[in-house]
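Coordinates as given in protein.cif (mmCIF, C-alpha atoms):
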```cif
data_upload
#
loop_
_atom_site.label_atom_id
_atom_site.label_comp_id
_atom_site.auth_asym_id
_atom_site.auth_seq_id
_atom_site.Cartn_x
_atom_site.Cartn_y
_atom_site.Cartn_z
CA MET A 1 19.22 -6.01 -30.99
CA LYS A 2 17.97 -8.41 -33.68
CA HIS A 3 15.38 -11.06 -32.97
CA SER A 4 14.40 -14.02 -35.09
CA PRO A 5 10.68 -13.75 -35.82
CA ARG A 6 8.49 -16.46 -34.34
CA LEU A 7 5.96 -18.05 -36.65
CA TRP A 8 2.32 -17.85 -35.60
CA THR A 9 -0.59 -19.43 -37.45
CA VAL A 10 -3.18 -16.76 -38.15
CA VAL A 11 -6.43 -17.40 -39.97
CA SER A 12 -7.90 -13.90 -39.91
CA CYS A 13 -8.06 -10.92 -37.62
CA SER A 14 -10.98 -9.24 -39.30
CA VAL A 15 -13.26 -9.77 -36.29
CA LEU A 16 -10.78 -8.63 -33.62
CA VAL A 17 -9.40 -5.67 -35.52
CA ALA A 18 -11.60 -2.60 -35.52
CA SER A 19 -10.99 -0.21 -38.38
CA LEU A 20 -10.10 3.35 -37.50
CA GLY A 21 -12.20 4.71 -40.30
CA ALA A 22 -13.34 4.22 -43.83
CA GLY A 23 -10.87 3.97 -46.69
CA ALA A 24 -7.29 5.22 -46.78
CA THR A 25 -6.53 8.84 -47.52
CA ALA A 26 -4.13 8.99 -50.44
CA CYS A 27 -1.53 11.66 -51.06
CA GLY A 28 -1.76 13.49 -54.32
CA PRO A 29 1.21 14.37 -56.49
CA GLY A 30 3.52 16.74 -54.65
CA ASP A 31 1.77 16.34 -51.27
CA ASN A 32 3.92 15.82 -48.18
CA PRO A 33 3.07 12.27 -47.03
CA LEU A 34 3.81 13.16 -43.40
CA SER A 35 0.96 15.69 -43.41
CA ALA A 36 -1.65 13.12 -44.45
CA ARG A 37 -4.14 11.66 -42.00
CA PRO A 38 -3.18 8.11 -40.98
CA TYR A 39 -4.58 5.55 -43.36
CA ASP A 40 -6.07 2.21 -42.29
CA ALA A 41 -3.11 -0.14 -42.04
CA GLY A 42 -5.24 -3.24 -41.57
CA ASP A 43 -3.81 -4.96 -44.64
CA GLN A 44 -0.23 -4.25 -43.53
CA VAL A 45 -0.10 -5.70 -40.00
CA VAL A 46 -1.01 -9.11 -38.59
CA PHE A 47 -1.84 -9.95 -34.96
CA ASN A 48 -1.22 -13.38 -33.49
CA GLN A 49 -4.53 -13.42 -31.61
CA PRO A 50 -7.27 -15.92 -32.58
CA PRO A 51 -10.29 -14.78 -34.61
CA GLY A 52 -13.82 -14.51 -33.28
CA GLY A 53 -13.28 -12.09 -30.38
CA ARG A 54 -12.71 -14.85 -27.82
CA PRO A 55 -10.75 -13.97 -24.64
CA VAL A 56 -7.00 -14.21 -25.06
CA ASP A 57 -4.64 -16.26 -22.91
CA PRO A 58 -2.61 -13.67 -20.93
CA GLU A 59 0.35 -16.07 -20.79
CA LYS A 60 0.63 -16.01 -24.58
CA PRO A 61 2.83 -13.13 -25.81
CA LEU A 62 1.18 -10.52 -27.99
CA GLU A 63 2.91 -10.35 -31.36
CA ILE A 64 2.37 -7.99 -34.27
CA THR A 65 4.14 -8.39 -37.61
CA ALA A 66 4.30 -6.27 -40.74
CA LYS A 67 3.24 -8.01 -43.92
CA GLY A 68 5.89 -6.17 -45.86
CA THR A 69 3.55 -5.15 -48.67
CA GLY A 70 4.52 -1.88 -50.25
CA GLY A 71 7.56 -1.49 -48.02
CA SER A 72 5.48 -0.77 -44.92
CA ARG A 73 6.98 -1.02 -41.44
CA ILE A 74 5.80 -0.73 -37.84
CA THR A 75 6.96 2.47 -36.13
CA ASP A 76 5.31 2.19 -32.72
CA VAL A 77 2.95 0.00 -30.70
CA SER A 78 0.95 1.04 -27.64
CA ALA A 79 -0.83 -1.73 -25.69
CA VAL A 80 -2.75 -0.34 -22.70
CA ASP A 81 -5.29 -1.94 -20.39
CA ALA A 82 -8.39 -0.29 -18.92
CA GLN A 83 -6.40 0.95 -15.90
CA GLY A 84 -3.89 2.74 -18.10
CA ARG A 85 -1.10 0.23 -17.55
CA ARG A 86 1.14 -0.05 -20.60
CA LEU A 87 2.26 -3.51 -21.68
CA ALA A 88 6.03 -3.68 -22.11
CA GLY A 89 7.20 -4.72 -25.56
CA GLU A 90 10.05 -4.62 -28.06
CA LEU A 91 10.13 -3.53 -31.68
CA SER A 92 12.64 -5.03 -34.07
CA ALA A 93 15.22 -2.79 -35.71
CA LYS A 94 13.64 -3.36 -39.14
CA GLY A 95 10.18 -2.50 -37.86
CA ASP A 96 8.83 -5.82 -39.09
CA ARG A 97 7.86 -7.27 -35.68
CA TRP A 98 6.75 -6.14 -32.23
CA HIS A 99 6.26 -8.55 -29.33
CA SER A 100 5.35 -8.15 -25.66
CA THR A 101 8.15 -8.79 -23.18
CA ALA A 102 5.99 -9.34 -20.06
CA PRO A 103 2.82 -11.29 -19.31
CA MET A 104 -0.45 -9.53 -19.98
CA ALA A 105 -2.81 -8.95 -17.07
CA ALA A 106 -5.57 -11.52 -16.63
CA GLY A 107 -9.24 -10.66 -16.91
CA VAL A 108 -8.77 -7.15 -18.30
CA HIS A 109 -9.54 -5.22 -21.50
CA TYR A 110 -6.64 -4.19 -23.75
CA THR A 111 -6.53 -1.61 -26.51
CA VAL A 112 -3.62 -1.89 -28.92
CA LEU A 113 -2.72 0.94 -31.30
CA VAL A 114 -0.22 0.15 -34.05
CA ASN A 115 1.45 2.97 -36.01
CA THR A 116 3.02 2.23 -39.39
CA GLU A 117 4.51 4.00 -42.36
CA ASP A 118 4.77 3.04 -46.03
CA GLU A 119 7.76 3.38 -48.34
CA ARG A 120 7.07 7.10 -48.76
CA GLY A 121 6.74 7.74 -45.03
CA ALA A 122 2.95 8.14 -45.06
CA PRO A 123 1.53 7.24 -41.62
CA GLY A 124 -0.91 4.41 -41.03
CA GLN A 125 -2.73 3.10 -37.97
CA ARG A 126 -4.54 -0.02 -36.86
CA ARG A 127 -6.38 -0.66 -33.60
CA LEU A 128 -7.03 -3.95 -31.80
CA ALA A 129 -9.29 -4.45 -28.79
CA PHE A 130 -9.58 -7.68 -26.84
CA GLU A 131 -10.17 -9.21 -23.41
CA THR A 132 -7.87 -11.58 -21.59
CA THR A 133 -9.17 -14.64 -19.77
CA PRO A 134 -9.74 -14.20 -16.03
CA ALA A 135 -7.50 -15.91 -13.48
CA ASP A 136 -8.66 -19.03 -11.66
CA LYS A 137 -7.11 -17.93 -8.35
CA VAL A 138 -6.72 -14.33 -7.22
CA LEU A 139 -4.91 -12.40 -4.52
CA LYS A 140 -7.23 -10.00 -2.72
CA VAL A 141 -5.95 -7.02 -0.73
CA GLU A 142 -7.83 -5.18 2.01
CA PHE A 143 -6.38 -1.86 3.11
CA GLY A 144 -6.65 -0.41 6.59
CA PRO A 145 -7.49 1.37 8.77
CA ASP A 146 -11.01 2.57 7.94
CA GLU A 147 -11.16 5.76 5.93
CA GLY A 148 -11.12 8.86 8.13
CA LYS A 149 -8.91 11.28 10.08
CA TYR A 150 -5.92 9.99 12.06
CA GLY A 151 -2.85 11.10 13.94
CA VAL A 152 0.65 11.28 12.48
CA GLY A 153 1.63 7.83 13.77
CA GLN A 154 -1.02 5.77 11.99
CA PRO A 155 0.50 3.06 9.73
CA LEU A 156 -1.24 1.85 6.58
CA THR A 157 -2.02 -1.86 6.54
CA ALA A 158 -2.61 -4.38 3.76
CA VAL A 159 -4.13 -7.77 4.51
CA LEU A 160 -3.83 -10.51 1.87
CA ASN A 161 -6.20 -13.43 1.46
CA GLU A 162 -3.35 -15.75 0.40
CA PRO A 163 0.13 -16.15 1.93
CA ILE A 164 3.05 -14.85 -0.13
CA THR A 165 6.40 -16.39 0.78
CA ASP A 166 8.51 -16.09 -2.37
CA LYS A 167 10.72 -12.98 -2.43
CA ALA A 168 10.08 -12.24 -6.11
CA ALA A 169 6.33 -12.54 -5.60
CA ARG A 170 6.53 -10.25 -2.58
CA ALA A 171 8.35 -7.67 -4.69
CA ILE A 172 5.55 -7.78 -7.27
CA VAL A 173 2.97 -7.25 -4.53
CA GLU A 174 4.89 -4.29 -3.07
CA ARG A 175 5.25 -2.61 -6.46
CA GLY A 176 1.52 -2.92 -6.94
CA LEU A 177 0.53 -1.33 -3.62
CA VAL A 178 0.82 2.32 -4.56
CA VAL A 179 1.06 4.87 -1.74
CA SER A 180 0.60 8.57 -2.50
CA THR A 181 2.03 10.98 0.08
CA PRO A 182 3.12 14.61 0.30
CA PRO A 183 6.31 15.41 -1.66
CA GLY A 184 9.56 14.44 0.01
CA VAL A 185 8.10 11.76 2.29
CA GLU A 186 10.21 8.61 2.34
CA GLY A 187 8.37 5.44 3.28
CA ALA A 188 8.33 1.67 2.81
CA TRP A 189 6.23 -1.45 3.17
CA HIS A 190 7.26 -4.00 5.81
CA TRP A 191 6.17 -7.63 5.70
CA VAL A 192 4.83 -8.42 9.18
CA ASP A 193 4.15 -12.00 8.07
CA ASP A 194 3.13 -13.86 4.91
CA LYS A 195 -0.29 -12.19 4.74
CA ASN A 196 0.16 -8.79 6.42
CA LEU A 197 2.07 -5.67 5.40
CA HIS A 198 2.41 -2.29 7.11
CA PHE A 199 3.50 0.96 5.47
CA ARG A 200 4.99 3.86 7.43
CA PRO A 201 7.19 6.82 6.56
CA LYS A 202 10.72 7.21 7.89
CA ASP A 203 9.41 9.85 10.28
CA TYR A 204 5.83 10.51 11.30
CA TRP A 205 3.35 11.67 8.65
CA PRO A 206 3.36 15.43 8.09
CA ALA A 207 0.56 17.11 10.01
CA HIS A 208 -2.51 18.15 8.00
CA SER A 209 -1.56 16.02 5.01
CA THR A 210 -3.41 13.46 2.90
CA VAL A 211 -2.24 9.88 2.43
CA SER A 212 -3.78 7.40 0.01
CA VAL A 213 -3.13 3.84 -1.06
CA ARG A 214 -4.45 1.79 -3.96
CA SER A 215 -3.69 -1.53 -5.58
CA ASN A 216 -2.41 -1.74 -9.13
CA LEU A 217 -2.36 -5.54 -9.02
CA GLU A 218 -5.60 -6.34 -10.82
CA GLY A 219 -4.85 -9.09 -13.33
CA ILE A 220 -1.09 -9.00 -12.65
CA LYS A 221 0.67 -12.36 -12.47
CA ILE A 222 2.13 -12.81 -8.99
CA THR A 223 2.93 -16.53 -9.07
CA ASP A 224 2.17 -19.25 -11.61
CA GLU A 225 -1.14 -19.96 -9.87
CA LEU A 226 -2.03 -16.48 -8.58
CA HIS A 227 -3.04 -13.18 -10.15
CA GLY A 228 -4.03 -9.94 -8.46
CA ALA A 229 -7.63 -8.88 -7.92
CA ALA A 230 -9.17 -5.41 -7.80
CA ALA A 231 -9.08 -3.68 -4.39
CA THR A 232 -10.88 -0.75 -2.80
CA PRO A 233 -8.53 2.26 -2.46
CA LEU A 234 -8.15 4.13 0.82
CA THR A 235 -7.53 7.77 1.74
CA LEU A 236 -6.57 9.06 5.19
CA GLU A 237 -6.57 12.66 6.40
CA ILE A 238 -3.77 13.35 8.88
CA GLY A 239 -4.52 15.80 11.68
CA ASP A 240 -2.32 17.65 14.17
CA ARG A 241 1.02 16.24 15.27
CA VAL A 242 0.10 15.00 18.75
CA GLU A 243 2.84 13.35 20.81
CA VAL A 244 2.23 12.17 24.35
CA THR A 245 5.18 11.22 26.55
CA THR A 246 4.62 9.40 29.84
CA ASP A 247 7.62 9.38 32.17
CA ALA A 248 6.96 6.38 34.41
CA SER A 249 9.68 7.32 36.91
CA ALA A 250 8.65 10.99 37.17
CA HIS A 251 4.93 10.02 37.21
CA TYR A 252 3.94 12.75 34.77
CA LEU A 253 2.46 12.80 31.26
CA THR A 254 3.33 15.57 28.79
CA PHE A 255 0.92 16.35 25.96
CA GLU A 256 2.34 18.13 22.88
CA ARG A 257 0.45 19.41 19.87
CA ASN A 258 2.42 20.56 16.82
CA GLY A 259 5.57 20.89 18.90
CA GLU A 260 4.00 22.88 21.75
CA VAL A 261 3.42 21.47 25.23
CA ILE A 262 -0.22 22.17 26.05
CA ASN A 263 -0.71 20.07 29.19
CA THR A 264 1.22 18.23 31.88
CA ILE A 265 -0.72 15.66 33.88
CA PRO A 266 0.21 13.73 37.05
CA VAL A 267 -0.24 9.98 36.47
CA THR A 268 0.38 6.56 37.91
CA THR A 269 1.63 3.68 35.75
CA GLY A 270 2.24 -0.04 36.29
CA LYS A 271 3.60 -1.20 39.63
CA PRO A 272 6.42 -3.80 39.88
CA GLY A 273 5.28 -7.05 38.32
CA PHE A 274 2.80 -5.15 36.12
CA SER A 275 5.08 -2.43 34.77
CA THR A 276 3.90 -0.44 31.76
CA ARG A 277 5.69 -1.20 28.49
CA ASN A 278 8.34 1.24 27.34
CA GLY A 279 8.32 2.53 23.80
CA VAL A 280 6.13 4.15 21.18
CA LYS A 281 2.50 3.10 20.91
CA VAL A 282 -0.23 4.33 18.58
CA VAL A 283 -3.73 5.11 19.81
CA LEU A 284 -6.03 2.26 18.71
CA GLY A 285 -9.34 3.77 19.77
CA LYS A 286 -11.38 5.38 22.54
CA GLN A 287 -14.26 4.17 24.72
CA TYR A 288 -16.20 6.34 27.12
CA PHE A 289 -16.87 3.34 29.38
CA VAL A 290 -15.11 -0.02 29.81
CA GLN A 291 -15.73 -2.65 32.49
CA MET A 292 -12.20 -3.80 33.27
CA ARG A 293 -11.72 -7.24 34.84
CA GLY A 294 -8.41 -8.79 35.81
CA ASP A 295 -9.29 -12.27 34.56
CA THR A 296 -9.58 -11.01 30.95
CA VAL A 297 -5.82 -10.40 30.97
CA GLY A 298 -4.84 -13.31 33.20
CA ILE A 299 -4.81 -11.47 36.52
CA GLY A 300 -6.46 -13.22 39.46
CA GLY A 301 -6.06 -13.94 43.16
CA SER A 302 -5.26 -11.01 45.39
CA GLU A 303 -4.56 -8.81 42.33
CA TYR A 304 -7.96 -9.44 40.73
CA TYR A 305 -10.02 -6.34 39.92
CA ASN A 306 -13.43 -5.59 38.43
CA LEU A 307 -13.84 -1.87 37.90
CA PRO A 308 -15.99 0.52 35.86
CA VAL A 309 -13.55 2.71 33.91
CA TYR A 310 -14.34 5.97 32.10
CA TYR A 311 -12.58 7.95 29.41
CA ALA A 312 -10.50 4.99 28.25
CA THR A 313 -7.97 5.47 25.42
CA ARG A 314 -6.57 2.16 24.19
CA VAL A 315 -2.92 1.75 23.13
CA THR A 316 -2.43 -2.06 23.08
CA TRP A 317 -4.66 -5.01 22.27
CA SER A 318 -3.58 -6.71 25.51
CA GLY A 319 -5.46 -4.13 27.54
CA GLU A 320 -3.21 -1.14 28.16
CA TYR A 321 -5.20 2.10 28.35
CA VAL A 322 -4.86 5.69 29.42
CA HIS A 323 -7.95 6.26 31.57
CA ALA A 324 -9.61 7.84 34.58
CA ALA A 325 -8.53 6.23 37.87
CA PRO A 326 -10.13 8.16 40.74
CA TRP A 327 -9.26 5.33 43.20
CA SER A 328 -5.52 6.09 42.81
CA LEU A 329 -5.71 9.86 43.04
CA ASP A 330 -3.33 10.01 46.02
CA SER A 331 -0.64 8.11 44.09
CA GLN A 332 -0.84 10.10 40.86
CA GLY A 333 2.33 12.14 40.42
CA SER A 334 4.20 10.19 43.11
CA GLU A 335 4.13 6.39 42.67
CA ASN A 336 3.13 3.60 40.33
CA VAL A 337 0.24 1.46 41.57
CA SER A 338 -1.68 0.28 38.46
CA HIS A 339 -1.71 -3.07 36.67
CA GLY A 340 -0.07 -1.55 33.58
CA CYS A 341 -2.44 1.21 32.51
CA THR A 342 -1.76 4.92 32.84
CA GLY A 343 -4.21 6.36 35.37
CA MET A 344 -5.15 9.96 36.04
CA SER A 345 -7.94 11.99 37.63
CA THR A 346 -11.36 11.92 36.03
CA SER A 347 -11.15 15.56 34.92
CA ASN A 348 -7.71 15.06 33.38
CA ALA A 349 -8.85 11.82 31.70
CA ALA A 350 -11.86 13.62 30.22
CA TRP A 351 -9.56 16.34 28.82
CA PHE A 352 -7.16 13.72 27.44
CA TYR A 353 -10.05 11.78 25.89
CA GLU A 354 -11.35 14.87 24.09
CA ASN A 355 -7.94 15.88 22.75
CA ILE A 356 -6.51 12.52 21.65
CA THR A 357 -7.22 10.89 18.27
CA GLU A 358 -6.77 7.43 16.83
CA GLY A 359 -3.30 7.31 15.28
CA ASP A 360 -1.74 9.75 17.76
CA ILE A 361 1.57 8.85 19.42
CA VAL A 362 1.76 7.74 23.07
CA ARG A 363 5.33 7.06 24.23
CA VAL A 364 6.37 5.62 27.61
CA ILE A 365 9.87 6.20 28.97
CA ASN A 366 11.77 5.21 32.13
CA SER A 367 9.56 2.26 33.02
CA ILE A 368 11.08 -0.92 34.41
CA GLY A 369 8.75 -2.90 32.16
CA ASP A 370 9.40 -4.66 28.86
CA ASP A 371 9.60 -2.89 25.53
CA MET A 372 6.55 -2.52 23.30
CA GLU A 373 6.40 -5.25 20.65
CA PRO A 374 6.66 -3.98 17.04
CA PHE A 375 3.72 -6.11 15.92
CA GLY A 376 0.89 -8.20 17.33
CA ASN A 377 -0.15 -6.03 20.27
CA GLY A 378 -1.19 -2.88 18.48
CA PHE A 379 0.96 -0.60 16.35
CA GLY A 380 4.49 -0.76 17.74
CA ASP A 381 5.88 -0.10 14.24
CA TRP A 382 7.82 2.99 15.35
CA ASN A 383 9.96 0.94 17.73
CA LEU A 384 11.93 -0.41 14.76
CA ASP A 385 14.63 1.93 13.49
CA TRP A 386 14.54 2.88 9.82
CA LYS A 387 17.10 0.31 8.71
CA GLU A 388 15.21 -2.50 10.45
CA TRP A 389 11.99 -1.29 8.87
CA ARG A 390 13.48 -1.18 5.36
CA ASP A 391 14.91 -4.66 5.84
CA GLY A 392 11.32 -5.91 6.07
CA SER A 393 10.71 -4.80 2.48
CA ALA A 394 11.23 -7.22 -0.39
CA LEU A 395 12.21 -4.24 -2.56
CA LEU A 396 14.49 -2.29 -0.23
CA LYS A 397 16.35 -4.82 1.91
CA GLY A 398 20.06 -4.37 1.27
CA THR A 399 19.60 -1.22 -0.82
CA GLN A 400 20.94 2.24 -0.10
CA GLU A 401 18.88 4.36 2.27
CA GLY A 402 16.97 7.12 0.56
CA ARG A 403 15.43 4.92 -2.09
CA SER A 404 11.66 4.72 -1.62
CA PRO A 405 9.04 2.57 -3.35
CA ILE A 406 6.55 5.44 -3.33
CA ASP A 407 7.56 6.85 -6.72
CA GLN A 408 8.65 3.60 -8.33
CA ALA A 409 5.55 1.61 -7.41
CA ARG A 410 3.47 2.58 -10.45
CA LEU A 411 3.29 -1.02 -11.56
CA ARG A 412 3.09 -2.01 -15.15
CA PRO A 413 2.86 -5.64 -16.20
CA GLN A 414 6.63 -5.82 -16.77
CA VAL A 415 7.70 -7.96 -13.89
#
```
Render the structure in this file as structure tokens.
Amino acid sequence: MKHSPRLWTVVSCSVLVASLGAGATACGPGDNPLSARPYDAGDQVVFNQPPGGRPVDPEKPLEITAKGTGGSRITDVSAVDAQGRRLAGELSAKGDRWHSTAPMAAGVHYTVLVNTEDERGAPGQRRLAFETTPADKVLKVEFGPDEGKYGVGQPLTAVLNEPITDKAARAIVERGLVVSTPPGVEGAWHWVDDKNLHFRPKDYWPAHSTVSVRSNLEGIKITDELHGAAATPLTLEIGDRVEVTTDASAHYLTFERNGEVINTIPVTTGKPGFSTRNGVKVVLGKQYFVQMRGDTVGIGGSEYYNLPVYYATRVTWSGEYVHAAPWSLDSQGSENVSHGCTGMSTSNAAWFYENITEGDIVRVINSIGDDMEPFGNGFGDWNLDWKEWRDGSALLKGTQEGRSPIDQARLRPQV
């Protein structure tokens, strides 16, 4: 494809352009020019950047032209920032002009290497180093949860400091949030709202695997007013595959580790009017002691309670726990008498507490209660089927299943 060269006013690039070495290495009579060391092509190429080493406007395309002296031409241009992101560009068919085809990142350092050849094919090189001006407004990303070891159900989270509503901008953000997982794991980001994203695989994380996430958005243009900022990466270690199933109608809890049932515990769940939520929940944390009061969750009157509770494993933010309930021992395994929590004997609760981990799966079936919310009351992410989850992605909605952003999300500034 041919392009009409744009004219740029250039005074001098002697300050910005750093020479690769001393003088050019000439080829003697009969030498093969292709075997020569690259000569300094500083007098054969011109950059459109201003002199004096001042920061460069990232909105202004980078352009490199060949002067045409001695039949020289540009053969290749590599423009890379400090993070290793390559700036997309296009070289003319004649080799007389190269120009960037995407905005440069803001507030970063670029190194540009230009390769040339003269009329005999002898190679030349020229290097340019410059900074781009920082952005006035940046998008910050904070990843969660805290670094550590988790169960196979733990989603990754990304919290933004600015709302992102535009679909194209959301796609840029998703491409820049790079998740590294074991081979063959299909996963996707889901926009919970304008400032919160969750990432989960199609199925649970593989046991004993490592999952990491980082942002590649630093300096990247997201909207006209907003560029990405640097973010702290996160790595999670995934432990055993622990799946707990509580059958509210049978009044028993089954504890599986790596596909093997290792314990069955009689329990009581929520009574009518306070029925335990059905669905998949993710363990949010554990507390050895919690003082539970009915008024903290809107329960008063004859149903009010104020109890010391031990070995409490939390599964919702609204106050649903798996915990010791010695006062209901006679009902455990036979009827539901709680206000929504799953109660068991103190010895069973102590065992459960020692064997459960944040991020493990706790599923309730056969309750007459409502279904667990996908978001807002803990991690109900697994209650959306895979199609619904993918539809929450700005990249994957409406695309064929099987396509994952994991491998394609190595963002370069070619948006």
Practice task
Could you check which of A:Phe130, A:Thr111, A:Asp40, A:Val77 is closest to Val56 (chain A), using only C-alpha atoms?
Solution key: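 Among the listed residues, A:Phe130 lies closest to Val56 (chain A).
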Problem - Expansion of the PyMOL selection byres ((chain A and resi 383-398) around 8) into residues, as a PyMOL selection string - result: chain A and resi 167-168+170-171+174+188-192+202+279-280+372-374+380-382+399-401+403-405
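Atom pair CA of Val364 (chain A) / CA of Thr181 (chain A) has a distance of 28.4 Å (rounded to one decimal).
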Practice task
May I ask for the distance between CA of His227 (chain A) and CA of Lys137 (chain A), given in Å to one decimal place?
Solution key: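 Distance reported for this atom pair: 6.5 Å.
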Set up a box along x, y and z of the file covering all listed atoms of region 89-108 of chain A, add 6 Å on every one of the six sides, and write the centre and edge lengths in Å to one decimal, as AutoDock Vina command-line options.
```
--center_x 3.0 --center_y -7.0 --center_z -27.9 --size_x 36.5 --size_y 21.0 --size_z 34.5
```
Handout entry: Best match for closeness to Ala106 (chain A) among A:Pro134, A:Pro145, A:Gly294, A:Pro155, counting all atoms listed in the file
Key = A:Pro134
Exercise for the section: Quick one: apply the PyMOL selection byres ((chain A and resi 352-357) around 8) to the file and drop the selected residues here as a VMD selection string. Expected result: chain A and resid 150 to 151 242 283 285 to 286 311 to 313 348 to 351 358 to 360
Here's the selection I'm unsure about, the PyMOL selection byres ((chain A and resi 141) around 10); applied to the file above, which residues does it give, as a compact mmCIF listing (two decimals) with C-alpha atoms, keeping the file's coordinate frame?
```txt
# COMPACT_ATOMS: atom_id res chain seq x y z
CA VAL A 138 -6.72 -14.33 -7.22
CA LEU A 139 -4.91 -12.40 -4.52
CA LYS A 140 -7.23 -10.00 -2.72
CA GLU A 142 -7.83 -5.18 2.01
CA PHE A 143 -6.38 -1.86 3.11
CA GLY A 144 -6.65 -0.41 6.59
CA THR A 157 -2.02 -1.86 6.54
CA ALA A 158 -2.61 -4.38 3.76
CA VAL A 159 -4.13 -7.77 4.51
CA LEU A 160 -3.83 -10.51 1.87
CA ASN A 161 -6.20 -13.43 1.46
CA GLU A 162 -3.35 -15.75 0.40
CA VAL A 173 2.97 -7.25 -4.53
CA LEU A 177 0.53 -1.33 -3.62
CA LYS A 195 -0.29 -12.19 4.74
CA ASN A 196 0.16 -8.79 6.42
CA ARG A 214 -4.45 1.79 -3.96
CA SER A 215 -3.69 -1.53 -5.58
CA LEU A 217 -2.36 -5.54 -9.02
CA GLY A 228 -4.03 -9.94 -8.46
CA ALA A 229 -7.63 -8.88 -7.92
CA ALA A 230 -9.17 -5.41 -7.80
CA ALA A 231 -9.08 -3.68 -4.39
CA THR A 232 -10.88 -0.75 -2.80
CA PRO A 233 -8.53 2.26 -2.46
```
Practice task
Please provide the set of residues having any atom within 9 Å of Asn115 (chain A), restricted to only C-alpha atoms, with same-chain residues fewer than 5 positions apart removed, written as a count of residues only.
Solution key: 13
Practice task
Provide the CA of Phe379 (chain A) to CA of Ser334 (chain A) distance in Å, to one decimal place.
Solution key: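 According to the coordinates, CA of Phe379 (chain A) and CA of Ser334 (chain A) are separated by 29.0 Å.
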Practice task
For each of A:Val178, A:Ala324, A:Ile265, A:Val211, take the minimum atom-to-atom distance to Asp247 (chain A), counting only C-alpha atoms, then give the residue where this is smallest.
Solution key: A:Ile265
Point (-4.1, 12.6, 45.2) neighbourhood (12 Å, all atoms listed in the file) written as a PDB file with C-alpha atoms, in the coordinates of the input:
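Printed below is part-v3.pdb as written:
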```
ATOM      1  CA  PRO A 266       0.210  13.730  37.050  1.00  0.00           C
ATOM      2  CA  VAL A 267      -0.240   9.980  36.470  1.00  0.00           C
ATOM      3  CA  THR A 268       0.380   6.560  37.910  1.00  0.00           C
ATOM      4  CA  ALA A 325      -8.530   6.230  37.870  1.00  0.00           C
ATOM      5  CA  PRO A 326     -10.130   8.160  40.740  1.00  0.00           C
ATOM      6  CA  TRP A 327      -9.260   5.330  43.200  1.00  0.00           C
ATOM      7  CA  SER A 328      -5.520   6.090  42.810  1.00  0.00           C
ATOM      8  CA  LEU A 329      -5.710   9.860  43.040  1.00  0.00           C
ATOM      9  CA  ASP A 330      -3.330  10.010  46.020  1.00  0.00           C
ATOM     10  CA  SER A 331      -0.640   8.110  44.090  1.00  0.00           C
ATOM     11  CA  GLN A 332      -0.840  10.100  40.860  1.00  0.00           C
ATOM     12  CA  GLY A 333       2.330  12.140  40.420  1.00  0.00           C
ATOM     13  CA  SER A 334       4.200  10.190  43.110  1.00  0.00           C
ATOM     14  CA  GLU A 335       4.130   6.390  42.670  1.00  0.00           C
ATOM     15  CA  GLY A 343      -4.210   6.360  35.370  1.00  0.00           C
ATOM     16  CA  MET A 344      -5.150   9.960  36.040  1.00  0.00           C
ATOM     17  CA  SER A 345      -7.940  11.990  37.630  1.00  0.00           C
ATOM     18  CA  THR A 346     -11.360  11.920  36.030  1.00  0.00           C
TER      19      THR A 346
END
```
Practice task
Quick one: residues within 7 Å of (5.4, -20.3, -6.4) (file frame), counting only C-alpha atoms, please, as a list in words.
Solution key: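 With a cut-off of 7 Å, the residues come to Asp166, Thr223 and Asp224 of chain A.
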